[in-house]
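One file, work04.txt, is given below (compact mmCIF, C-alpha atoms).
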# COMPACT_ATOMS: atom_id res chain seq x y z
CA MET A 1 -175.08 114.41 -46.97
CA SER A 2 -171.50 113.08 -46.64
CA VAL A 3 -170.28 110.16 -48.74
CA SER A 4 -167.60 107.79 -47.45
CA PRO A 5 -164.70 107.16 -49.81
CA PRO A 6 -164.73 103.82 -51.63
CA GLY A 7 -163.12 100.79 -50.02
CA GLY A 8 -164.22 101.34 -46.40
CA GLY A 9 -163.91 104.05 -43.74
CA GLY A 10 -161.79 107.19 -43.83
CA GLU A 11 -158.94 105.65 -41.75
CA ALA A 12 -157.83 103.19 -44.48
CA PRO A 13 -155.07 105.46 -45.98
CA GLU A 14 -153.57 106.06 -42.54
CA ALA A 15 -153.55 102.31 -41.84
CA ALA A 16 -151.83 101.67 -45.17
CA ASP A 17 -149.10 104.25 -44.37
CA ALA A 18 -148.41 102.82 -40.87
CA PRO A 19 -145.74 100.26 -41.95
CA GLN A 20 -143.86 102.94 -43.90
CA ARG A 21 -143.85 105.27 -40.87
CA VAL A 22 -142.58 102.45 -38.64
CA ALA A 23 -139.82 101.60 -41.14
CA ALA A 24 -138.82 105.28 -41.36
CA ALA A 25 -138.73 105.56 -37.57
CA GLU A 26 -136.36 102.57 -37.34
CA ARG A 27 -133.88 104.05 -39.84
CA PRO A 28 -130.90 105.97 -38.39
CA GLU A 29 -130.76 109.77 -38.59
CA CYS A 30 -128.07 112.02 -39.93
CA PRO A 31 -126.12 113.49 -36.99
CA ARG A 32 -126.06 116.94 -38.72
CA CYS A 33 -129.51 117.51 -40.18
CA GLY A 34 -131.56 114.66 -38.67
CA THR A 35 -132.67 113.23 -42.01
CA THR A 36 -133.23 109.50 -41.91
CA HIS A 37 -131.12 107.32 -44.15
CA GLU A 38 -130.55 103.66 -44.99
CA PRO A 39 -128.43 101.65 -42.53
CA ASN A 40 -125.49 101.24 -44.95
CA GLN A 41 -125.79 104.62 -46.71
CA GLU A 42 -122.43 106.42 -46.93
CA TYR A 43 -123.56 110.08 -47.44
CA CYS A 44 -126.60 112.04 -46.31
CA LEU A 45 -128.74 112.94 -49.33
CA GLU A 46 -129.90 116.13 -47.61
CA CYS A 47 -126.70 117.78 -46.34
CA GLY A 48 -123.94 115.62 -47.91
CA LEU A 49 -122.37 114.59 -44.57
CA ARG A 50 -120.35 111.38 -44.65
CA LEU A 51 -122.31 109.00 -42.47
CA PRO A 52 -120.77 106.57 -39.97
CA VAL A 53 -121.19 103.03 -41.27
CA GLU A 54 -120.95 100.12 -38.86
CA ALA A 55 -118.31 97.66 -39.98
CA SER A 56 -119.28 94.07 -40.59
CA GLY A 57 -117.38 90.96 -39.61
CA LEU A 58 -116.55 88.96 -36.51
CA VAL A 59 -114.32 91.52 -34.76
CA PRO A 60 -116.80 94.43 -35.06
CA ARG A 61 -119.60 92.23 -33.75
CA LEU A 62 -117.45 91.12 -30.83
CA SER A 63 -116.44 94.72 -30.07
CA ARG A 64 -120.08 95.86 -30.04
CA ALA A 65 -120.99 92.97 -27.74
CA TRP A 66 -118.08 93.91 -25.43
CA ARG A 67 -119.21 97.55 -25.26
CA SER A 68 -122.81 96.58 -24.57
CA ARG A 69 -121.71 94.22 -21.80
CA PHE A 70 -118.97 96.22 -20.04
CA GLY A 71 -119.49 99.77 -21.28
CA TRP A 72 -115.88 100.18 -22.46
CA TYR A 73 -113.62 98.57 -25.05
CA PRO A 74 -109.80 98.17 -24.83
CA GLY A 75 -109.24 97.88 -28.59
CA ASP A 76 -109.15 95.30 -31.35
CA TRP A 77 -105.78 94.01 -30.10
CA VAL A 78 -107.58 92.16 -27.31
CA TRP A 79 -108.94 89.46 -29.65
CA PRO A 80 -105.61 88.18 -31.04
CA SER A 81 -104.25 88.20 -27.49
CA LEU A 82 -107.17 86.17 -26.16
CA LEU A 83 -106.84 83.75 -29.09
CA ALA A 84 -103.12 83.27 -28.40
CA LEU A 85 -103.82 82.61 -24.71
CA LEU A 86 -106.50 80.08 -25.63
CA ILE A 87 -104.16 78.24 -28.02
CA ALA A 88 -101.39 78.20 -25.38
CA ALA A 89 -103.81 76.84 -22.76
CA LEU A 90 -105.02 74.09 -25.09
CA ALA A 91 -101.43 73.19 -26.00
CA GLY A 92 -100.51 72.99 -22.31
CA ILE A 93 -103.47 70.75 -21.53
CA GLY A 94 -102.64 68.48 -24.47
CA SER A 95 -98.97 68.27 -23.48
CA ALA A 96 -99.84 67.46 -19.87
CA ALA A 97 -102.24 64.74 -20.97
CA PHE A 98 -99.60 63.24 -23.30
CA VAL A 99 -96.91 63.24 -20.60
CA SER A 100 -99.31 61.68 -18.09
CA HIS A 101 -100.26 58.96 -20.56
CA ASP A 102 -96.59 58.28 -21.41
CA GLU A 103 -95.63 58.04 -17.71
CA LYS A 104 -98.49 55.63 -17.01
CA ARG A 105 -97.46 53.48 -19.98
CA ALA A 106 -93.79 53.46 -18.93
CA GLY A 107 -94.77 52.61 -15.35
CA TYR A 108 -96.94 49.76 -16.56
CA VAL A 109 -94.14 48.29 -18.69
CA THR A 110 -91.67 48.61 -15.82
CA ALA A 111 -93.94 47.20 -13.14
CA THR A 112 -95.27 44.19 -15.01
CA SER A 113 -93.46 41.28 -16.58
CA PRO A 114 -94.72 38.18 -18.38
CA PHE A 115 -92.07 36.19 -16.51
CA GLU A 116 -91.24 35.94 -12.83
CA PRO A 117 -87.53 36.21 -11.96
CA VAL A 118 -86.16 32.72 -12.13
CA THR A 119 -84.16 31.40 -9.21
CA SER A 120 -83.40 27.75 -9.41
CA ALA A 121 -80.78 25.40 -8.17
CA ILE A 122 -79.93 21.90 -9.25
CA THR A 123 -79.98 19.57 -6.29
CA ALA A 124 -77.87 16.50 -6.57
CA ALA A 125 -79.84 13.32 -6.21
CA GLU A 126 -79.11 11.32 -3.10
CA HIS A 127 -77.94 7.79 -3.76
CA THR A 128 -78.01 4.99 -1.23
CA PRO A 129 -74.64 3.26 -1.25
CA THR A 130 -74.63 -0.38 -2.22
CA VAL A 131 -72.51 -2.57 0.06
CA PRO A 132 -71.39 -5.96 -1.27
CA SER A 133 -72.88 -8.92 0.58
CA GLY A 134 -70.70 -10.33 3.28
CA SER A 135 -69.00 -7.07 3.96
CA THR A 136 -69.22 -5.63 7.45
CA GLN A 137 -68.28 -2.09 6.41
CA THR A 138 -70.96 0.53 6.68
CA GLY A 139 -70.95 4.14 5.69
CA THR A 140 -72.14 6.66 3.14
CA GLN A 141 -70.46 7.76 -0.03
CA PRO A 142 -69.56 11.46 -0.32
CA SER A 143 -72.13 13.55 -2.16
CA PRO A 144 -71.09 14.84 -5.58
CA PRO A 145 -70.05 18.51 -5.68
CA GLN A 146 -72.85 21.04 -5.98
CA GLN A 147 -73.29 22.08 -9.61
CA THR A 148 -73.39 25.77 -10.39
CA PRO A 149 -76.57 26.69 -12.26
CA ALA A 150 -76.05 28.09 -15.73
CA LEU A 151 -78.37 30.97 -14.85
CA ASN A 152 -75.76 32.40 -12.47
CA GLN A 153 -73.37 33.03 -15.33
CA ALA A 154 -72.90 36.55 -16.63
CA LEU A 155 -75.09 37.71 -19.48
CA LYS A 156 -73.71 37.88 -22.99
CA VAL A 157 -71.89 41.13 -23.78
CA TRP A 158 -71.71 42.53 -27.30
CA PRO A 159 -68.05 42.24 -28.40
CA ALA A 160 -66.23 45.53 -27.93
CA ASP A 161 -64.12 45.04 -31.06
CA ARG A 162 -67.09 44.32 -33.31
CA GLN A 163 -68.22 47.48 -35.07
CA SER A 164 -70.99 45.77 -36.99
CA GLY A 165 -72.79 42.46 -36.77
CA TRP A 166 -76.13 40.69 -36.68
CA THR A 167 -78.20 39.47 -33.76
CA VAL A 168 -81.71 38.34 -32.83
CA VAL A 169 -83.75 40.99 -30.99
CA LEU A 170 -86.09 39.41 -28.43
CA GLN A 171 -87.55 42.52 -26.75
CA SER A 172 -87.01 46.28 -26.44
CA LEU A 173 -87.73 47.69 -22.97
CA PRO A 174 -87.87 51.43 -22.07
CA ALA A 175 -84.75 52.66 -20.27
CA THR A 176 -86.62 53.96 -17.22
CA THR A 177 -85.40 54.17 -13.63
CA ASN A 178 -85.94 50.46 -12.96
CA GLY A 179 -85.58 49.45 -16.60
CA ARG A 180 -82.13 47.84 -16.20
CA ALA A 181 -83.22 45.50 -13.40
CA PHE A 182 -86.34 44.55 -15.32
CA ALA A 183 -84.27 43.88 -18.46
CA VAL A 184 -81.91 41.60 -16.50
CA ALA A 185 -84.90 39.64 -15.17
CA GLN A 186 -86.22 39.26 -18.71
CA ALA A 187 -82.81 38.10 -19.93
CA ARG A 188 -82.65 35.46 -17.19
CA ALA A 189 -86.12 34.30 -18.21
CA ALA A 190 -84.91 33.97 -21.81
CA GLU A 191 -81.98 31.86 -20.63
CA HIS A 192 -84.36 29.73 -18.62
CA SER A 193 -86.41 29.10 -21.78
CA GLY A 194 -83.34 27.50 -23.37
CA LEU A 195 -81.91 30.32 -25.49
CA GLN A 196 -78.14 30.73 -25.69
CA ASP A 197 -75.93 33.83 -25.60
CA VAL A 198 -78.61 36.13 -24.18
CA GLY A 199 -77.54 39.66 -23.36
CA ILE A 200 -78.62 43.30 -23.03
CA ILE A 201 -77.68 46.24 -25.26
CA ASP A 202 -78.12 49.90 -24.33
CA SER A 203 -79.58 51.22 -27.58
CA SER A 204 -78.27 54.74 -26.91
CA GLU A 205 -74.71 53.50 -27.54
CA TYR A 206 -75.39 52.18 -31.05
CA SER A 207 -76.18 54.25 -34.13
CA SER A 208 -78.37 51.57 -35.72
CA LEU A 209 -80.77 51.47 -32.75
CA HIS A 210 -83.37 53.93 -31.52
CA PRO A 211 -82.05 55.48 -28.25
CA GLY A 212 -83.78 55.11 -24.91
CA TYR A 213 -84.23 51.32 -24.74
CA TYR A 214 -82.65 48.20 -23.30
CA VAL A 215 -82.56 45.65 -26.14
CA LEU A 216 -82.63 41.95 -25.24
CA PHE A 217 -80.66 40.00 -27.83
CA SER A 218 -79.63 36.40 -28.42
CA GLY A 219 -76.46 35.50 -30.29
CA VAL A 220 -73.83 37.38 -32.29
CA TYR A 221 -73.81 36.56 -36.00
CA THR A 222 -71.81 37.63 -39.04
CA SER A 223 -74.61 37.41 -41.62
CA PHE A 224 -78.33 37.96 -41.98
CA ASP A 225 -78.93 34.30 -42.86
CA ASP A 226 -77.33 33.10 -39.63
CA ALA A 227 -79.35 35.62 -37.62
CA ASN A 228 -82.53 34.56 -39.40
CA THR A 229 -81.86 30.97 -38.36
CA GLY A 230 -81.53 32.24 -34.79
CA VAL A 231 -84.92 33.94 -35.15
CA THR A 232 -86.55 30.59 -35.86
CA ASP A 233 -84.97 29.16 -32.72
CA ALA A 234 -86.06 32.17 -30.61
CA ARG A 235 -89.65 31.93 -31.80
CA SER A 236 -89.75 28.25 -30.93
CA HIS A 237 -88.70 29.18 -27.37
CA GLY A 238 -91.60 31.56 -26.74
CA TYR A 239 -90.60 34.79 -28.50
CA PRO A 240 -92.94 35.07 -31.50
CA ARG A 241 -91.92 38.69 -32.19
CA ALA A 242 -88.18 38.03 -32.42
CA TYR A 243 -86.50 39.46 -35.53
CA PRO A 244 -82.98 39.81 -37.01
CA LYS A 245 -81.25 43.16 -36.56
CA ARG A 246 -77.95 44.63 -37.72
CA ILE A 247 -76.01 46.22 -34.85
CA THR A 248 -73.68 49.09 -35.73
CA ARG A 249 -71.74 51.27 -33.32

Exercise: express the given structure as structure tokens:
Amino acid sequence: MSVSPPGGGGEAPEAADAPQRVAAAERPECPRCGTTHEPNQEYCLECGLRLPVEASGLVPRLSRAWRSRFGWYPGDWVWPSLLALLIAALAGIGSAAFVSHDEKRAGYVTATSPFEPVTSAITAAEHTPTVPSGSTQTGTQPSPPQQTPALNQALKVWPADRQSGWTVVLQSLPATTNGRAFAVAQARAAEHSGLQDVGIIDSSEYSSLHPGYYVLFSGVYTSFDDANTGVTDARSHGYPRAYPKRITR
């Protein structure tokens, strides 16, 4: 009469050893003697062969993925090269976007103006001549001479012999293709508002100014206090951002 071992049927020990056999089957084998070893083991415990150990890190993982995808691998140099190309592409895209934004902004400033170019003329009032009573003479008196508008005068020019001085800056406009014509229109508008001695300075010709702009100014002063008084007058004529500035060649 046979007696079953305690704890169940005779297959229990084999079932308990199944996970160990599966784990052993998943472990790599020594290329010389075939003995299984741990994944990161450096030497075979059976024959002493130095075992190949897979390197860890981003580049080894990328190289293994490349080999599994394409079946060949050019070398680790490919990753720095691809990274450099990616950085160059991103820099090019960023530079193109910046230039496009700058051109749009410059075009907007050039194409739009808060003032329309002012063209005005002073028309002399017509007077009906008064003839004394009893006089038989008839006729018209000659019209007074046409007055020349002040706006047709030349703009103020910064004195050539003045190496340093003070002025009131009204606006700074980008020196684009049409920037000069736009600056002249703005200067005429400033004259029309009642400001005196309005002119334009090319900032690239003066060391105290940032190059690349047409600077609208009003007045030439010898001191900061005088220029600051001119700022008050400019702000009262519609230029709230006017400020005093020292001009140096």

The residue from A:Ser223, A:Thr36, A:Gln153, A:Ser208 with the smallest atom-to-atom distance to Ile247 in chain A, counting all atoms listed in the file, is A:Ser208

9 Å contact set for range 156-170 of chain A, all atoms listed in the file, chain neighbours under 2 positions out, as a tab-separated table (two decimals) with C-alpha atoms, keeping the file's coordinate frame:
chain	number	residue	atom	x	y	z
A	154	ALA	CA	-72.90	36.55	-16.63
A	172	SER	CA	-87.01	46.28	-26.44
A	190	ALA	CA	-84.91	33.97	-21.81
A	196	GLN	CA	-78.14	30.73	-25.69
A	197	ASP	CA	-75.93	33.83	-25.60
A	198	VAL	CA	-78.61	36.13	-24.18
A	199	GLY	CA	-77.54	39.66	-23.36
A	200	ILE	CA	-78.62	43.30	-23.03
A	201	ILE	CA	-77.68	46.24	-25.26
A	215	VAL	CA	-82.56	45.65	-26.14
A	216	LEU	CA	-82.63	41.95	-25.24
A	217	PHE	CA	-80.66	40.00	-27.83
A	218	SER	CA	-79.63	36.40	-28.42
A	219	GLY	CA	-76.46	35.50	-30.29
A	220	VAL	CA	-73.83	37.38	-32.29
A	221	TYR	CA	-73.81	36.56	-36.00
A	222	THR	CA	-71.81	37.63	-39.04
A	223	SER	CA	-74.61	37.41	-41.62
A	224	PHE	CA	-78.33	37.96	-41.98
A	226	ASP	CA	-77.33	33.10	-39.63
A	227	ALA	CA	-79.35	35.62	-37.62
A	228	ASN	CA	-82.53	34.56	-39.40
A	230	GLY	CA	-81.53	32.24	-34.79
A	231	VAL	CA	-84.92	33.94	-35.15
A	234	ALA	CA	-86.06	32.17	-30.61
A	235	ARG	CA	-89.65	31.93	-31.80
A	239	TYR	CA	-90.60	34.79	-28.50
A	240	PRO	CA	-92.94	35.07	-31.50
A	241	ARG	CA	-91.92	38.69	-32.19
A	242	ALA	CA	-88.18	38.03	-32.42
A	243	TYR	CA	-86.50	39.46	-35.53
A	244	PRO	CA	-82.98	39.81	-37.01
A	245	LYS	CA	-81.25	43.16	-36.56
A	246	ARG	CA	-77.95	44.63	-37.72
A	247	ILE	CA	-76.01	46.22	-34.85
A	248	THR	CA	-73.68	49.09	-35.73
A	249	ARG	CA	-71.74	51.27	-33.32

To one decimal place, how far is CA of Val99 in chain A from CA of Pro80 in chain A in Å?
-> 28.4 Å

From the list A:Arg27, A:Trp79, A:Glu46, A:Gly194, which residue is nearest Val59 in chain A when using all atoms listed in the file?
-> A:Trp79

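Summary of the local environment: counting only C-alpha atoms, residues at most 10 Å from Leu62 in chain A, other than itself and those fewer than 5 positions away along its chain, are Gly57, Arg67, Ser68, Asp76 and Trp79 of chain A.
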
Restricting the calculation to only C-alpha atoms, which member of A:Tyr213, A:Leu82, A:Phe70, A:Glu42 is positioned closest to Thr176 in chain A?
->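 Checking each candidate against Thr176 in chain A, we get A:Tyr213 as the closest.
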
Quick one, how far is CA of Val78 in chain A from CA of Leu51 in chain A?
-> 27.0 Å

Could you check how far CA of Leu49 in chain A sits from CA of Arg32 in chain A, in Å to one decimal?
->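 So the two atoms, CA of Leu49 in chain A and CA of Arg32 in chain A, lie 7.3 Å apart.
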
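With all atoms listed in the file as the atoms that count, the minimum distance from His37 in chain A to the choices A:Arg50, A:Ser63, A:Val184, A:His210 is reached by A:Arg50.
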
Quick one: of A:Ile87, A:Gly212, A:Gly48, A:Ala65, who's nearest to Ala175 in chain A, counting only C-alpha atoms?
->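 Of the candidates, the smallest distance to Ala175 in chain A is held by A:Gly212.
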